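Note sheet for the following structure.
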Amino acid sequence: MTSSDLRRRRDGDRRRRDGDPPLRLLREGTLDLEGRLVDASNTTLRGVLTLDGMTARCVYKPVRGERPLWDFPDGNLAGREVAAYLVSRATGWDLVPPTVLRDGPLGPGSCQLWIDGPDDPEPLVGFVPADALPSRWFAVAAARDDEGTPYALAHADDPQLARLAVLDAVINNADRKGGHVLVGPDGRIHGVDHGVSFHIEEKLRTVLWGWAGRELPTDVVQVLEVLAGAVAGGLGGELADYLTPGEIAELAARIERLRAAGRFPLPSRQWPAVPWPPM
């Protein structure tokens with residue numbers, strides 16, 4: 001990504017959303033780094049943004065720290081993070097924290113609002129004893145610990161999680177780990193880490209398979225109808241700053257397939273359906 005590419009995308013972003021304080025802070029705030037999140041496969045840094053008396057923490061992922069992948073072009077994972085936010089915003093579900101593309105201490109990269117969780121959050125995804133699956137939880141996969149004790153990878157039957165599963169199907173998220181599901185202080189669910197999304201080939205890998213094959217809720221179908229129109233209109237124009245025409249066309253096709261089926265997708269038999277590690 002060149003400096004002119006970043007400037008063009010940033011200027012377009014500014015024209016569209018000048019009045020949004022969180023986005024303005026993300027886009028224009030002074031970014032001071034606090035440290036690195038060591039568990040991430042790509043360079044992922046936590047920072048503090050300050051602007052006109054506003055302060056917030058953020059996650060900054062510089063393009064130069066992206067690990068090359070065989071199936072995604074080099075240097076554009078940050079843009080896919082922004083594209084996932086734009087699609088989430090268009091649904092009205094606001095599952096992805098505000099995210100922009102900006103310059104930073106290590107060059108261009110994505111900058112996303114940091115989500116502080118509650119002190120003692122109720123888990124929504126994880127490994128649980130196979131004989132003690134919580135009420136209203138779905139078992140997704142079987143596992144054993146080092147002593148051979150059986151466990152289940154499972155998640156809660158939560159309507160916010162179900163919406164996140166639909167969003168993942170829409171954006172073709174290839175890496176929905178349990179650790180990428182965050183709960184905010186208000187109890188709202190947020191999904192993060194969407195750099196490996198929007199591929200033109202089917203690559204959906206997720207731990208949220210509990211609703212596979214089940215009928216989509218009526219309100220979700222209605223949102224998909226609105227989203228289809230948005231992709232054909234203004235949202236498609238915004239996404240063109242971050243995705244190829246083919247990727248946007250396939251995004252629209254995935255939405256139409258979900259609408260036509262009226263059901264949550266089923267795991268593929270042609271590639272791993274659960275990311276590794278799953279948490």
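Ligands are numbered from 1 in the order shown, residues from 1 within each chain, and chains are lettered A, B, ... in the order they appear in the structure tokens.
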Review point. What lies within 12 Å of Ser135 of chain A using only C-alpha atoms, ignoring chain neighbours under 2 positions off, as a PyMOL selection string?
Key: chain A and resi 124+128+131-133+137-139+154-158
Exercise for review: Write down as an NGL selection string the residues of segment 152-275 of chain A whose backbone DSSP state falls under alpha helix (DSSP H).
Suggested key: :A and (159-171 or 218-232 or 234-239 or 245-261)
Kindly assemble as a Markdown table a list of the segment 99-186 of chain A residues that lie within 12 Å of segment 197-215 of chain A, each paired with its nearest atom pair and their distance in Å to one decimal, using only C-alpha atoms, sorted first by chain and then by ascending residue number.
| residue | atom | partner | partner_atom | distance |
| --- | --- | --- | --- | --- |
| A:Leu124 | CA | A:Leu208 | CA | 10.3 |
| A:Val125 | CA | A:Val207 | CA | 8.0 |
| A:Gly126 | CA | A:Val207 | CA | 9.1 |
| A:Phe127 | CA | A:Val207 | CA | 10.9 |
| A:Arg136 | CA | A:Gly210 | CA | 10.5 |
| A:Trp137 | CA | A:Gly210 | CA | 8.2 |
| A:Phe138 | CA | A:Gly210 | CA | 5.1 |
| A:Ala139 | CA | A:Gly210 | CA | 6.8 |
| A:Val140 | CA | A:Trp209 | CA | 6.1 |
| A:Ala141 | CA | A:Val207 | CA | 8.6 |
| A:Ala142 | CA | A:Val207 | CA | 12.0 |
| A:Ala152 | CA | A:Val207 | CA | 11.4 |
| A:Leu153 | CA | A:Val207 | CA | 7.8 |
| A:Ala154 | CA | A:Val207 | CA | 7.7 |
| A:His155 | CA | A:Leu208 | CA | 6.9 |
| A:Ala156 | CA | A:Gly210 | CA | 8.4 |
| A:Asp157 | CA | A:Gly210 | CA | 7.6 |
| A:Asp158 | CA | A:Gly210 | CA | 10.2 |
| A:Pro159 | CA | A:Trp211 | CA | 10.5 |
| A:Gln160 | CA | A:Leu208 | CA | 11.4 |
| A:Leu161 | CA | A:Leu208 | CA | 7.7 |
| A:Ala162 | CA | A:Trp211 | CA | 7.4 |
| A:Arg163 | CA | A:Leu208 | CA | 10.3 |
| A:Leu164 | CA | A:Leu208 | CA | 8.4 |
| A:Ala165 | CA | A:Leu208 | CA | 6.0 |
| A:Val166 | CA | A:Leu208 | CA | 9.5 |
| A:Leu167 | CA | A:Ser197 | CA | 10.8 |
| A:Asp168 | CA | A:Leu204 | CA | 7.3 |
| A:Ala169 | CA | A:Leu204 | CA | 6.5 |
| A:Val170 | CA | A:Phe198 | CA | 8.3 |
| A:Ile171 | CA | A:Phe198 | CA | 5.1 |
| A:Asn172 | CA | A:Leu204 | CA | 5.1 |
| A:Asn173 | CA | A:Ser197 | CA | 4.4 |
| A:Ala174 | CA | A:Arg205 | CA | 4.6 |
| A:Asp175 | CA | A:Arg205 | CA | 5.5 |
| A:Arg176 | CA | A:Thr206 | CA | 4.4 |
| A:Lys177 | CA | A:Val207 | CA | 6.0 |
| A:Gly178 | CA | A:Val207 | CA | 6.4 |
| A:Gly179 | CA | A:Val207 | CA | 10.0 |
| A:His180 | CA | A:Val207 | CA | 10.1 |
| A:Val181 | CA | A:Val207 | CA | 10.1 |
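Comparing the minimum interatomic distances between Ala261 of chain A and each of A:Gly229, A:Ala84, A:Leu224, A:Tyr242, counting only C-alpha atoms, we find that A:Leu224 sits nearest.
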Check your understanding: How far is it from atom CA of Arg36 of chain A to atom CA of Gly191 of chain A, in Å with one decimal?
Key ->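 For atom CA of Arg36 of chain A relative to atom CA of Gly191 of chain A, the distance reads 19.5 Å.
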Name the residues in contact with Glu34 of chain A at a cut-off of 9 Å, using only C-alpha atoms, excluding same-chain residues fewer than 4 positions from it; report them as a CSV table (one decimal) with N, CA and C atoms, in the first residue's frame.
chain,number,residue,atom,x,y,z
A,45,LEU,N,-0.7,-4.0,17.9
A,45,LEU,CA,-0.3,-3.1,19.0
A,45,LEU,C,-1.4,-2.4,19.6
A,46,ARG,N,-1.3,-2.2,20.9
A,46,ARG,CA,-2.3,-1.4,21.6
A,46,ARG,C,-1.8,0.0,21.8
A,47,GLY,N,-2.6,1.0,21.6
A,47,GLY,CA,-2.2,2.4,21.7
A,47,GLY,C,-3.2,3.2,22.4
A,48,VAL,N,-2.9,4.5,22.6
A,48,VAL,CA,-3.8,5.5,23.2
A,48,VAL,C,-3.9,6.6,22.2
Practice item. Would you please work out which residue, of A:Glu225, A:Glu28, A:Asp71, A:Glu147, is nearest to Thr91 of chain A when using only C-alpha atoms? Key: A:Glu225
Exercise for review: Determine which residues of segment 116-214 of chain A receive a DSSP assignment of strand (DSSP E or B), computed from the backbone, and state them as JSON, numbers by chain.
Suggested key: {"A": [125, 126, 127, 128, 129, 137, 138, 139, 140, 141, 142, 143, 144, 150, 151, 152, 153, 154, 155, 156, 176, 181, 182, 183, 189, 190, 191, 206]}
